[in-house]
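Engineer: Just so it is clear, I am handing over structure-v7.txt, which has compact mmCIF, C-alpha atoms.
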```txt
# COMPACT_ATOMS: atom_id res chain seq x y z
CA SER A 750 26.74 5.32 5.36
CA GLN A 751 24.47 7.69 3.50
CA GLN A 752 24.80 7.42 -0.23
CA GLY A 753 22.21 9.70 -1.77
CA GLU A 754 21.41 13.26 -0.84
CA GLU A 755 18.43 15.15 -2.27
CA ASP A 756 18.23 18.81 -3.05
CA PRO A 757 16.29 20.92 -2.27
CA GLN A 758 15.02 19.74 1.11
CA ALA A 759 11.68 21.40 0.43
CA LEU A 760 9.96 22.71 -2.68
CA SER A 761 6.69 24.59 -3.01
CA ILE A 762 5.09 25.18 -6.41
CA GLN A 763 1.73 25.94 -8.00
CA GLU A 764 -0.34 23.31 -9.72
CA GLY A 765 0.62 23.03 -13.36
CA GLU A 766 4.25 23.99 -12.82
CA ASN A 767 7.13 21.58 -13.21
CA ALA A 768 9.05 20.30 -10.19
CA THR A 769 12.69 19.28 -10.33
CA MET A 770 14.46 17.43 -7.56
CA ASN A 771 18.11 16.48 -7.55
CA CYS A 772 20.08 13.68 -6.00
CA SER A 773 23.83 13.41 -5.55
CA TYR A 774 25.63 10.26 -4.54
CA LYS A 775 29.17 9.38 -3.59
CA THR A 776 30.31 6.19 -5.25
CA SER A 777 29.80 3.97 -8.26
CA ILE A 778 26.34 2.48 -8.56
CA ASN A 779 24.59 -0.11 -10.67
CA ASN A 780 21.24 1.57 -10.33
CA LEU A 781 19.50 4.51 -8.70
CA GLN A 782 15.88 4.45 -7.60
CA TRP A 783 13.30 7.13 -6.84
CA TYR A 784 10.47 6.69 -4.37
CA ARG A 785 7.49 8.76 -3.26
CA GLN A 786 6.03 8.84 0.24
CA ASN A 787 2.66 10.31 1.00
CA SER A 788 2.04 11.45 4.55
CA GLY A 789 1.43 8.52 6.88
CA ARG A 790 2.10 5.90 4.23
CA GLY A 791 4.91 3.66 3.06
CA LEU A 792 7.27 4.47 0.22
CA VAL A 793 6.17 3.75 -3.32
CA HIS A 794 8.65 2.98 -6.06
CA LEU A 795 8.59 5.38 -9.02
CA ILE A 796 11.51 4.65 -11.32
CA LEU A 797 14.67 2.54 -11.38
CA ILE A 798 17.42 3.77 -13.69
CA ARG A 799 20.47 1.64 -14.36
CA SER A 800 24.00 2.96 -14.59
CA ASN A 801 24.12 2.45 -18.37
CA GLU A 802 20.96 4.51 -18.88
CA ARG A 803 20.89 8.28 -19.14
CA GLU A 804 17.20 9.03 -19.09
CA LYS A 805 13.97 7.27 -18.30
CA HIS A 806 10.32 8.29 -18.51
CA SER A 807 7.18 7.15 -16.76
CA GLY A 808 4.06 9.19 -17.45
CA ARG A 809 4.71 12.73 -16.18
CA LEU A 810 7.98 11.65 -14.56
CA ARG A 811 11.39 11.99 -16.15
CA VAL A 812 14.57 10.79 -14.48
CA THR A 813 18.06 11.54 -15.68
CA LEU A 814 21.32 10.03 -14.53
CA ASP A 815 24.79 11.51 -14.97
CA THR A 816 27.34 9.00 -13.69
CA SER A 817 30.26 11.33 -14.40
CA LYS A 818 28.79 13.88 -12.00
CA LYS A 819 27.31 11.26 -9.70
CA SER A 820 23.94 12.91 -9.85
CA SER A 821 20.36 12.26 -10.84
CA SER A 822 17.30 14.41 -11.24
CA LEU A 823 13.58 13.74 -11.06
CA LEU A 824 11.31 16.00 -13.07
CA ILE A 825 7.55 16.02 -12.54
CA THR A 826 5.80 17.86 -15.33
CA ALA A 827 2.44 19.61 -15.06
CA SER A 828 2.28 18.99 -11.32
CA ARG A 829 -0.97 18.29 -9.50
CA ALA A 830 -2.00 18.73 -5.88
CA ALA A 831 -1.91 14.94 -5.59
CA ASP A 832 1.85 15.02 -6.26
CA THR A 833 2.33 16.58 -2.82
CA ALA A 834 4.61 14.12 -1.05
CA SER A 835 8.21 13.48 -0.06
CA TYR A 836 10.50 12.13 -2.76
CA PHE A 837 13.56 10.02 -2.04
CA CYS A 838 16.46 8.75 -4.09
CA ALA A 839 18.14 5.52 -3.09
CA THR A 840 21.13 3.43 -4.12
CA PRO A 841 22.93 0.34 -2.90
CA PRO A 842 25.45 1.29 -0.20
CA TYR A 843 29.10 2.00 -0.82
CA GLY A 844 31.33 -0.90 0.02
CA GLY A 845 28.48 -3.03 1.18
CA SER A 846 26.41 -5.79 -0.30
CA GLN A 847 24.23 -4.90 -3.23
CA GLY A 848 21.07 -6.39 -1.79
CA ASN A 849 19.79 -3.40 0.17
CA LEU A 850 19.11 0.29 -0.43
CA ILE A 851 20.29 3.39 1.36
CA PHE A 852 17.93 6.35 1.20
CA GLY A 853 18.56 10.07 1.28
CA LYS A 854 16.56 12.36 3.55
CA GLY A 855 14.18 13.35 0.79
CA THR A 856 12.66 16.41 -0.83
CA LYS A 857 9.33 17.53 0.54
CA LEU A 858 7.21 18.73 -2.37
CA SER A 859 4.13 20.85 -1.85
CA VAL A 860 1.90 21.53 -4.84
CA LYS A 861 -0.65 24.24 -4.21
CA PRO A 862 -3.95 24.20 -6.10
CA ASP B 824 -1.61 -8.90 -4.83
CA ALA B 825 -2.12 -7.62 -1.28
CA GLY B 826 1.29 -6.00 -1.00
CA VAL B 827 3.46 -6.00 2.09
CA ILE B 828 1.33 -6.22 5.21
CA GLN B 829 2.47 -4.87 8.55
CA SER B 830 0.82 -5.06 11.92
CA PRO B 831 -0.05 -3.33 14.07
CA ARG B 832 -0.42 0.05 12.37
CA HIS B 833 0.01 1.87 15.65
CA GLU B 834 1.56 0.75 18.90
CA VAL B 835 1.73 2.74 22.10
CA THR B 836 3.61 1.20 24.98
CA GLU B 837 5.38 2.13 28.16
CA MET B 838 9.11 2.17 28.58
CA GLY B 839 10.46 -1.23 29.52
CA GLN B 840 7.76 -3.20 27.77
CA GLU B 841 8.40 -5.68 24.97
CA VAL B 842 7.21 -4.69 21.50
CA THR B 843 6.76 -7.05 18.56
CA LEU B 844 6.20 -5.77 15.04
CA ARG B 845 5.06 -8.13 12.30
CA CYS B 846 5.47 -8.26 8.56
CA LYS B 847 4.14 -10.41 5.75
CA PRO B 848 6.12 -9.86 2.53
CA ILE B 849 4.80 -10.20 -1.00
CA SER B 850 4.55 -13.85 -1.96
CA GLY B 851 7.56 -15.01 -3.97
CA HIS B 852 9.86 -12.20 -2.88
CA ASP B 853 13.20 -13.44 -1.57
CA TYR B 854 14.43 -10.30 0.18
CA LEU B 855 12.93 -8.69 3.26
CA PHE B 856 14.02 -5.42 4.83
CA TRP B 857 13.30 -3.60 8.09
CA TYR B 858 13.72 0.19 8.08
CA ARG B 859 13.12 2.80 10.76
CA GLN B 860 12.10 6.38 9.95
CA THR B 861 12.46 9.42 12.21
CA MET B 862 12.50 13.13 11.50
CA MET B 863 16.05 13.45 12.78
CA ARG B 864 17.69 10.47 11.09
CA GLY B 865 15.47 9.81 8.09
CA LEU B 866 15.16 6.23 6.83
CA GLU B 867 17.63 3.84 8.40
CA LEU B 868 18.11 0.23 7.37
CA LEU B 869 18.00 -1.99 10.44
CA ILE B 870 18.40 -5.47 8.95
CA TYR B 871 17.65 -7.42 5.83
CA PHE B 872 17.13 -11.06 4.96
CA ASN B 873 17.68 -13.11 1.83
CA ASN B 874 15.80 -16.42 1.64
CA ASN B 875 14.98 -16.09 5.36
CA VAL B 876 18.65 -15.71 6.34
CA PRO B 877 19.84 -12.44 7.93
CA ILE B 878 22.45 -10.89 5.64
CA ASP B 879 23.26 -7.57 7.26
CA ASP B 880 22.16 -6.56 10.74
CA SER B 881 24.73 -3.80 11.22
CA GLY B 882 21.95 -1.24 11.43
CA MET B 883 20.31 -2.81 14.46
CA PRO B 884 20.85 -0.19 17.17
CA GLU B 885 21.67 -2.47 20.05
CA ASP B 886 20.99 -5.80 21.64
CA ARG B 887 17.51 -4.72 22.62
CA PHE B 888 16.52 -5.18 18.98
CA SER B 889 16.13 -8.57 17.35
CA ALA B 890 14.59 -9.75 14.10
CA LYS B 891 13.55 -13.15 12.87
CA MET B 892 12.23 -14.66 9.70
CA PRO B 893 11.03 -18.18 10.50
CA ASN B 894 9.64 -18.70 7.00
CA ALA B 895 9.26 -16.95 3.66
CA SER B 896 5.94 -15.37 4.56
CA PHE B 897 6.57 -13.89 7.98
CA SER B 898 9.05 -11.75 9.87
CA THR B 899 9.12 -10.08 13.27
CA LEU B 900 11.06 -7.21 14.76
CA LYS B 901 11.21 -7.26 18.52
CA ILE B 902 12.33 -4.56 20.94
CA GLN B 903 12.93 -5.65 24.51
CA PRO B 904 12.97 -3.56 26.64
CA SER B 905 11.61 -0.58 24.74
CA GLU B 906 12.80 2.97 25.39
CA PRO B 907 11.31 6.38 24.45
CA ARG B 908 14.08 6.91 21.85
CA ASP B 909 12.75 3.88 19.96
CA SER B 910 9.68 5.92 19.01
CA ALA B 911 9.59 5.97 15.21
CA VAL B 912 7.80 4.54 12.21
CA TYR B 913 9.07 1.06 11.36
CA PHE B 914 8.74 -0.12 7.78
CA CYS B 915 9.02 -3.56 6.31
CA ALA B 916 9.78 -3.96 2.61
CA SER B 917 10.31 -6.87 0.27
CA SER B 918 11.80 -7.36 -3.17
CA LEU B 919 12.55 -10.01 -5.74
CA GLY B 920 16.28 -10.31 -6.34
CA GLY B 921 17.49 -7.52 -4.06
CA ALA B 922 17.92 -3.81 -4.62
CA SER B 923 20.66 -4.26 -7.21
CA GLN B 924 18.08 -5.79 -9.52
CA SER B 925 14.62 -4.60 -8.57
CA PRO B 926 12.65 -2.10 -6.52
CA LEU B 927 11.50 -2.46 -2.94
CA HIS B 928 7.84 -2.75 -2.02
CA PHE B 929 7.00 -1.15 1.30
CA GLY B 930 4.27 -1.77 3.82
CA ASN B 931 2.44 1.16 5.39
CA GLY B 932 4.53 0.96 8.52
CA THR B 933 4.00 0.64 12.25
CA ARG B 934 4.05 3.88 14.19
CA LEU B 935 5.60 3.08 17.57
CA THR B 936 5.30 5.42 20.52
CA VAL B 937 7.14 4.57 23.72
CA THR B 938 6.17 6.68 26.71
```
Represent the supplied structure as structure tokens.

Structural biologist:
Amino acid sequence: SQQGEEDPQALSIQEGENATMNCSYKTSINNLQWYRQNSGRGLVHLILIRSNEREKHSGRLRVTLDTSKKSSSLLITASRAADTASYFCATPPYGGSQGNLIFGKGTKLSVKP
Amino acid sequence: DAGVIQSPRHEVTEMGQEVTLRCKPISGHDYLFWYRQTMMRGLELLIYFNNNVPIDDSGMPEDRFSAKMPNASFSTLKIQPSEPRDSAVYFCASSLGGASQSPLHFGNGTRLTVT
């Protein structure tokens, strides 16, 4: 069963602007992960945020987690054309084992130079 | 570290033929996952292994699909017989400790086209 759902489905911005993508999920989690996928390539892990964390940074990326609202956001600051990709959130599945990840359908980000 | 290696990168086959996809996980990782990605359904988990043992294969579409992990450094996903609706990109991923503890590392996928 799908756990995470990203919003918006597509986002188009100019280079230098900030991009914000949101993820909502349905049940309790122990962590939430964000991945990037460039066209024709595999997914690349960006950030893992645990349920007891509220915010995490990695370079130009900032992830927040609000467990009371069951939502997370990924902010990319000062975007570059190279950030053009699809971005996915993922969590362990509801009611299932904690070993695997269930992915949302992603946000397709286009950064125009 | 070479990362997760999948082969072949592209596979084109005719309906009814057997297809075998291969994966070499990152050395030392104890979890291995097979996902399928399509435009319509997104990323779907097919099966995953822990220490070479299948843990959850509930995502395998039907009996035409089978997966094996004979040792810690190799896994296969087989489709027999293949059908046009199996056309998708198939990803293998591995992790240390499972998704509840650590991130997944993905290969670059096998793009399968069944005509």

Engineer: With distances taken over only C-alpha atoms, which of A:Ser859, A:Gln763, A:Gln758, A:Thr840 is nearest to A:Ser777?

Structural biologist: A:Thr840

Engineer: If the box runs along x, y and z of the file and leaves 6 Å on each side of stretch 781-791 of chain A, what are its centre and edge lengths in Å, one decimal, as JSON?

Structural biologist:
```
{"center_x": 10.5, "center_y": 7.6, "center_z": -0.9, "size_x": 30.1, "size_y": 19.8, "size_z": 27.6}
```

Engineer: If we count only C-alpha atoms, which residues of chain A reach to within 8 Å of chain B? Please list them as a list in words.

Structural biologist: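 Every residue of chain A that passes the 8 Å test is in Asn779, Asn780, Gln782, Gly789, Arg790, Gly791, Leu792, Val793, His794, Leu797, Thr840, Pro841, Gln847, Gly848, Asn849, Leu850, Ile851, Phe852, Gly853 and Lys854 of chain A.
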
Engineer: Given the choices B:Leu869, B:Ala911, B:Ala895, B:Leu900, which gets closest to B:Leu844 if the distance is worked out from only C-alpha atoms?

Structural biologist: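 That would be B:Leu900, the residue with the smallest distance to B:Leu844.
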
Engineer: Considering only C-alpha atoms, can you say which of B:Ile849, B:Val937, B:Val876, B:Val835 comes closest to B:Leu919?

Structural biologist: B:Ile849

Engineer: With distances taken over only C-alpha atoms, which of A:Asn787, A:Thr769, A:Thr833, A:Ser828 is nearest to A:Val812?

Structural biologist: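 Checking each candidate against A:Val812, we get A:Thr769 as the closest.
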
Engineer: Using atom CA of B:Ser881 and atom CA of B:Arg859 as the two end points, give the distance in Å to one decimal.

Structural biologist: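 Pair atom CA of B:Ser881 / atom CA of B:Arg859 returns 13.4 Å.
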
Engineer: What gap, in Å, lies between atom CA of B:Thr836 and atom CA of B:Ser917?

Structural biologist: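 So the answer is 26.8 Å.
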
Engineer: Which residues are close to B:Ala825, i.e. within 10 Å by all atoms listed in the file, leaving aside same-chain residues fewer than 6 positions away? Reply as a ChimeraX atom specification.

Structural biologist: /B:847-850

Engineer: Compare B:His852, B:Glu841, B:Gln829, B:Glu834 by their minimum atom-to-atom distance to B:Ser905, counting all atoms listed in the file, and give me the closest one.

Structural biologist: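 Among B:His852, B:Glu841, B:Gln829, B:Glu834, it is B:Glu841 that comes nearest to B:Ser905.
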
Engineer: So that I can see what lies close to A:Leu760, please list as JSON, numbers by chain the residues with an atom at most 8 Å from it, counting all atoms listed in the file and leaving out residues fewer than 3 positions away in the same chain.

Structural biologist: {"A": [757, 768, 856, 857, 858, 859]}

Engineer: Please, could you write that set of residues out with C-alpha atoms as a PDB file, in the coordinates of the input?

Structural biologist:
```pdb
ATOM      1  CA  PRO A 757      16.290  20.920  -2.270  1.00  0.00           C
ATOM      2  CA  ALA A 768       9.050  20.300 -10.190  1.00  0.00           C
ATOM      3  CA  THR A 856      12.660  16.410  -0.830  1.00  0.00           C
ATOM      4  CA  LYS A 857       9.330  17.530   0.540  1.00  0.00           C
ATOM      5  CA  LEU A 858       7.210  18.730  -2.370  1.00  0.00           C
ATOM      6  CA  SER A 859       4.130  20.850  -1.850  1.00  0.00           C
TER       7      SER A 859
END
```

Engineer: Measuring atom to atom with only C-alpha atoms, identify which of A:Ala759, A:Cys772, A:Ala830, A:Ala839 is nearest to A:Asp815.

Structural biologist: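 Closest to A:Asp815, using only C-alpha atoms: A:Cys772.
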